[in-house]
Amino acid sequence: MVYITEDMVRRRSEHNEGEIFSLEEVSLHQQNIERIEHLEKWCRELKILYLQNNLIPRIENVGRLKMLEYLNLALNNIEAIENLEGCESLKKLDLTVNFVGRLSSVASLKHNLHLRELFLVGNPCAEFQGYRQYVVASLPQLQSLDGQEVSRSERIRAEQGLEEVRRSIRRQEEAYARRRAQEKEEARRGGAAGAEQSRAPQGKSAGWEESEEERQDREFWEKPCAFSPESRLEAHRHLEAKQKTTTLEGEPTPKTPRTLITAEGRALNLNQPKLDFCLSEDEEANSIKLDLAVYRHMDTSLLEVDVQPTYVRVTVKGKIFQLVLPAEVRPDSCSVRRSGTTGHLLLTMPRAAGEIRAATRVLAPAPARSTRVLAPAPARSRTSRTGGAGRYVIGREWLEADPAHRSVVDLTNIVAREGGEGGPLEGRGPLRPTDPSKGARLSEDFVDDPDVPPLM
């Protein structure tokens, strides 16, 4: 037997953030519920209640739902309309395809002054002679019965012959009650009269042997029976037992786990979720980027990322995506982001220390220089800068032979020499007049002032 539990109600109230005390609508259909309980205590503010396609035998424990406007109890085992007097706001009641045989029980709905729609199609009482006339006359507030509008003239005609219709309905109810008592007795004995007949299997190939379980299952469904609450409950019990047997005996063989890493320690590529991806290398950031096209509306809590030095593994709803990386990375420096627009997962994985590539440094171009004779220095090989390219290259270091082209200001050529020749005076003493014995002479305008210090 399935009971209404608090956990069941909370799972059906996701639209109300799992809160049941303020719940206004809940759907508990197709849960094989066999009794209504707890709802009038937990959900006092319910306005809409769906309980169709269950095994509920009677209406109970809903009298305190003062705000209930719509109650759906279609496809159940209800045999009488009762215990709805307290539902003061009830506007619509659906009892389609039940086993209501006591048509006189609709008189209990007189207290539901706001009731406008009633559905009783598919019940035994709907086959009674004078059924519609009796219901329309008994419920003056009703506006629609079984989806058909009740007109004013129809209500007047129904009230005129109500007494005669009541006597007819009472006789038909008594006849139905006798049939129901017989059905219950036959159900207790294990079958109706004439249910012992069985049909031989047809269309079986030669050599085919029917198992005992298959034979019992075939006989159960081929056995004729009346459509009653007992037969419906018996069919449910049979299906439930068969499902349990199938679950215990026919458990699927567990799948062989996929090989993610070989015995030699080599990681393998695997894409179980069949997701598109893009693996790229960022030279400027010296990192590897993986763009994984995760489903857009998937919750992030269903994703799990594991980055290792040589491979990356992403688990998507239990399915593994594993990819071998082209170079070693640093797992402790990785970052994971997810796009709020596309849902894609972006992994940024910096390269490991041994895989770091030097970034290219762009320098300002050096000023143009004239061609000079350069003498190779016997120095060691080192990183030097070329004059025109402005980049660091590997090669020999060259020293300039002409010191006049240095970047510093040359102060040795301030005083012009005899004959217009000038040049560096490095290694010489202070500037002095030229010795006449050497064939040189001073300029005519030169005055040797002893108060002026010599140039150094």
# chains A, B, ... in the order shown; residues from 1 in each chain; ligands from 1
call {"tool": "residues_around", "arguments": {"residues": "Gln322 of chain A", "least_positions_apart": "2", "cutoff": "9 Å", "atoms": "only C-alpha atoms", "output": "number ranges by chain"}}
result
A: 260, 267-272, 311-315, 320, 324
call {"tool": "residues_around", "arguments": {"residues": "Asn61 of chain A", "least_positions_apart": "4", "cutoff": "12 Å", "atoms": "only C-alpha atoms", "output": "list in words"}}
result
Ile4, Arg35, Ile36, Glu37, His38, Leu39, Glu40, Lys41, Trp42, Cys43, Arg44, Leu65, Glu82, Asn83, Leu84, Glu85, Gly86 and Cys87 of chain A
call {"tool": "write_last_selection", "arguments": {"atoms": "C-alpha atoms", "output": "short mmCIF file (atom, residue, chain, number, x, y, z; two decimals), in the first residue's frame"}}
result
data_model
loop_
_atom_site.label_atom_id
_atom_site.label_comp_id
_atom_site.auth_asym_id
_atom_site.auth_seq_id
_atom_site.Cartn_x
_atom_site.Cartn_y
_atom_site.Cartn_z
CA ILE A 4 0.83 10.00 1.13
CA ARG A 35 -5.99 6.42 0.99
CA ILE A 36 -6.29 10.22 1.30
CA GLU A 37 -4.62 11.47 4.48
CA HIS A 38 -2.50 14.27 6.02
CA LEU A 39 -3.30 16.83 3.29
CA GLU A 40 -5.83 18.75 5.38
CA LYS A 41 -3.15 19.20 8.06
CA TRP A 42 -0.12 19.94 5.90
CA CYS A 43 -1.68 21.99 3.08
CA ARG A 44 -4.50 24.09 4.52
CA LEU A 65 -9.64 22.22 3.04
CA GLU A 82 -19.31 11.79 0.86
CA ASN A 83 -17.29 13.92 3.31
CA LEU A 84 -17.19 17.02 1.10
CA GLU A 85 -19.52 19.24 3.14
CA GLY A 86 -16.58 21.12 4.68
CA CYS A 87 -15.11 22.14 1.30
#
call {"tool": "residues_around", "arguments": {"residues": "Glu34 of chain A", "least_positions_apart": "3", "cutoff": "7 Å", "atoms": "only C-alpha atoms", "output": "number ranges by chain"}}
result
A: 1-3, 54-57
call {"tool": "write_last_selection", "arguments": {"atoms": "C-alpha atoms", "output": "mmCIF file, in the first residue's frame"}}
result
data_model
loop_
_atom_site.group_PDB
_atom_site.id
_atom_site.type_symbol
_atom_site.label_atom_id
_atom_site.label_comp_id
_atom_site.auth_asym_id
_atom_site.auth_seq_id
_atom_site.Cartn_x
_atom_site.Cartn_y
_atom_site.Cartn_z
ATOM 1 C CA MET A 1 0.000 0.000 0.000
ATOM 2 C CA VAL A 2 1.264 3.444 -0.965
ATOM 3 C CA TYR A 3 0.732 6.232 1.556
ATOM 4 C CA ASN A 54 -4.941 5.967 -8.081
ATOM 5 C CA LEU A 55 -6.593 3.220 -6.004
ATOM 6 C CA ILE A 56 -8.556 5.425 -3.565
ATOM 7 C CA PRO A 57 -11.716 3.585 -2.335
#
call {"tool": "closest_residue", "arguments": {"among": "A:Ser231, A:His236, A:Val100, A:Ala80", "to": "Asn53 of chain A", "atoms": "only C-alpha atoms"}}
result
A:His236
call {"tool": "atom_distance", "arguments": {"atom1": "atom CA of Glu281 of chain A", "atom2": "atom CA of Val294 of chain A"}}
result
20.3 Å
call {"tool": "residues_around", "arguments": {"residues": "segment 147-151 of chain A", "least_positions_apart": "4", "cutoff": "8 Å", "atoms": "only C-alpha atoms", "output": "PyMOL selection string"}}
result
chain A and resi 117-119+136+142-143+155
call {"tool": "closest_residue", "arguments": {"among": "A:Ile78, A:Ala158, A:Ala187, A:Val336", "to": "Asn123 of chain A", "atoms": "only C-alpha atoms"}}
result
A:Ile78
call {"tool": "residues_around", "arguments": {"residues": "segment 25-28 of chain A", "least_positions_apart": "6", "cutoff": "8 Å", "atoms": "only C-alpha atoms", "output": "ChimeraX atom specification"}}
result
/A:9,12-13,46-52
call {"tool": "write_last_selection", "arguments": {"atoms": "all heavy atoms", "output": "mmCIF file, in the first residue's frame"}}
result
data_model
loop_
_atom_site.group_PDB
_atom_site.id
_atom_site.type_symbol
_atom_site.label_atom_id
_atom_site.label_comp_id
_atom_site.auth_asym_id
_atom_site.auth_seq_id
_atom_site.Cartn_x
_atom_site.Cartn_y
_atom_site.Cartn_z
ATOM 1 N N VAL A 9 4.861 14.852 -1.023
ATOM 2 C CA VAL A 9 4.238 16.154 -1.263
ATOM 3 C C VAL A 9 5.296 17.203 -1.573
ATOM 4 O O VAL A 9 5.109 18.054 -2.454
ATOM 5 C CB VAL A 9 3.377 16.558 -0.054
ATOM 6 C CG1 VAL A 9 2.762 17.935 -0.283
ATOM 7 C CG2 VAL A 9 2.283 15.527 0.195
ATOM 8 N N ARG A 12 6.533 17.083 -5.048
ATOM 9 C CA ARG A 12 5.535 17.575 -6.003
ATOM 10 C C ARG A 12 5.245 19.063 -5.831
ATOM 11 O O ARG A 12 4.316 19.583 -6.447
ATOM 12 C CB ARG A 12 4.233 16.772 -5.840
ATOM 13 C CG ARG A 12 4.351 15.291 -6.209
ATOM 14 C CD ARG A 12 4.792 15.133 -7.649
ATOM 15 N NE ARG A 12 4.890 13.745 -8.056
ATOM 16 C CZ ARG A 12 4.093 13.196 -8.984
ATOM 17 N NH1 ARG A 12 3.153 13.916 -9.558
ATOM 18 N NH2 ARG A 12 4.246 11.925 -9.317
ATOM 19 N N SER A 13 6.011 19.731 -4.981
ATOM 20 C CA SER A 13 5.785 21.164 -4.755
ATOM 21 C C SER A 13 7.022 21.975 -5.113
ATOM 22 O O SER A 13 7.341 22.954 -4.450
ATOM 23 C CB SER A 13 5.403 21.406 -3.293
ATOM 24 O OG SER A 13 6.423 20.975 -2.414
ATOM 25 N N LEU A 46 -4.705 24.676 0.121
ATOM 26 C CA LEU A 46 -4.853 24.029 -1.188
ATOM 27 C C LEU A 46 -6.099 24.535 -1.912
ATOM 28 O O LEU A 46 -7.185 24.624 -1.327
ATOM 29 C CB LEU A 46 -4.943 22.510 -1.018
ATOM 30 C CG LEU A 46 -3.648 21.703 -1.113
ATOM 31 C CD1 LEU A 46 -3.939 20.216 -1.000
ATOM 32 C CD2 LEU A 46 -2.916 21.984 -2.419
ATOM 33 N N LYS A 47 -5.900 24.846 -3.200
ATOM 34 C CA LYS A 47 -7.026 25.240 -4.047
ATOM 35 C C LYS A 47 -7.294 24.221 -5.148
ATOM 36 O O LYS A 47 -8.437 24.075 -5.585
ATOM 37 C CB LYS A 47 -6.750 26.614 -4.671
ATOM 38 C CG LYS A 47 -6.716 27.752 -3.668
ATOM 39 C CD LYS A 47 -6.522 29.086 -4.370
ATOM 40 C CE LYS A 47 -6.530 30.231 -3.365
ATOM 41 N NZ LYS A 47 -6.348 31.550 -4.040
ATOM 42 N N ILE A 48 -6.247 23.532 -5.600
ATOM 43 C CA ILE A 48 -6.381 22.539 -6.673
ATOM 44 C C ILE A 48 -5.680 21.266 -6.220
ATOM 45 O O ILE A 48 -4.507 21.309 -5.835
ATOM 46 C CB ILE A 48 -5.776 23.054 -7.994
ATOM 47 C CG1 ILE A 48 -6.455 24.348 -8.430
ATOM 48 C CG2 ILE A 48 -5.887 21.995 -9.081
ATOM 49 C CD1 ILE A 48 -5.839 24.978 -9.668
ATOM 50 N N LEU A 49 -6.383 20.136 -6.285
ATOM 51 C CA LEU A 49 -5.840 18.847 -5.844
ATOM 52 C C LEU A 49 -6.109 17.798 -6.911
ATOM 53 O O LEU A 49 -7.270 17.514 -7.238
ATOM 54 C CB LEU A 49 -6.456 18.437 -4.509
ATOM 55 C CG LEU A 49 -6.032 17.085 -3.936
ATOM 56 C CD1 LEU A 49 -4.524 17.020 -3.753
ATOM 57 C CD2 LEU A 49 -6.741 16.807 -2.624
ATOM 58 N N TYR A 50 -5.021 17.231 -7.455
ATOM 59 C CA TYR A 50 -5.121 16.182 -8.477
ATOM 60 C C TYR A 50 -4.788 14.837 -7.831
ATOM 61 O O TYR A 50 -3.668 14.620 -7.379
ATOM 62 C CB TYR A 50 -4.149 16.457 -9.632
ATOM 63 C CG TYR A 50 -4.449 17.705 -10.419
ATOM 64 C CD1 TYR A 50 -3.761 18.887 -10.171
ATOM 65 C CD2 TYR A 50 -5.411 17.706 -11.424
ATOM 66 C CE1 TYR A 50 -4.020 20.041 -10.889
ATOM 67 C CE2 TYR A 50 -5.677 18.849 -12.155
ATOM 68 C CZ TYR A 50 -4.980 20.018 -11.885
ATOM 69 O OH TYR A 50 -5.251 21.155 -12.602
ATOM 70 N N LEU A 51 -5.770 13.931 -7.829
ATOM 71 C CA LEU A 51 -5.579 12.578 -7.292
ATOM 72 C C LEU A 51 -6.090 11.520 -8.262
ATOM 73 O O LEU A 51 -6.445 10.411 -7.845
ATOM 74 C CB LEU A 51 -6.312 12.446 -5.944
ATOM 75 C CG LEU A 51 -5.688 13.196 -4.758
ATOM 76 C CD1 LEU A 51 -6.643 13.208 -3.579
ATOM 77 C CD2 LEU A 51 -4.367 12.565 -4.354
ATOM 78 N N GLN A 52 -6.093 11.822 -9.540
ATOM 79 C CA GLN A 52 -6.625 10.885 -10.514
ATOM 80 C C GLN A 52 -5.693 9.698 -10.737
ATOM 81 O O GLN A 52 -4.495 9.770 -10.486
ATOM 82 C CB GLN A 52 -6.922 11.589 -11.849
ATOM 83 C CG GLN A 52 -5.691 12.067 -12.605
ATOM 84 C CD GLN A 52 -5.323 13.478 -12.244
ATOM 85 O OE1 GLN A 52 -5.644 13.955 -11.170
ATOM 86 N NE2 GLN A 52 -4.632 14.155 -13.153
#
call {"tool": "select_by_dssp", "arguments": {"residues": "segment 92-294 of chain A", "states": "alpha helix (DSSP H)", "output": "JSON, numbers by chain"}}
result
{"A": [131, 132, 133, 134, 135, 136, 137, 138, 152, 153, 154, 155, 156, 157, 158, 159, 160, 162, 163, 164, 165, 166, 167, 168, 169, 170, 171, 172, 173, 174, 175, 176, 177, 178, 179, 180, 181, 182, 183, 184, 185, 186, 187, 188, 189, 212, 213, 214, 215, 216, 217, 218, 219, 220, 221, 222, 229, 230, 231, 232, 233, 234, 235, 236, 237, 238, 239, 240, 241, 242, 243, 244, 245, 246, 247, 248, 249]}
call {"tool": "residues_around", "arguments": {"residues": "Gly340 of chain A", "least_positions_apart": "2", "cutoff": "12 Å", "atoms": "only C-alpha atoms", "output": "list in words"}}
result
Val294, Tyr295, Arg296, His297, Met298, Asp299, Thr300, Arg337, Arg338, Thr342, Gly343, His344, Leu345 and Leu346 of chain A
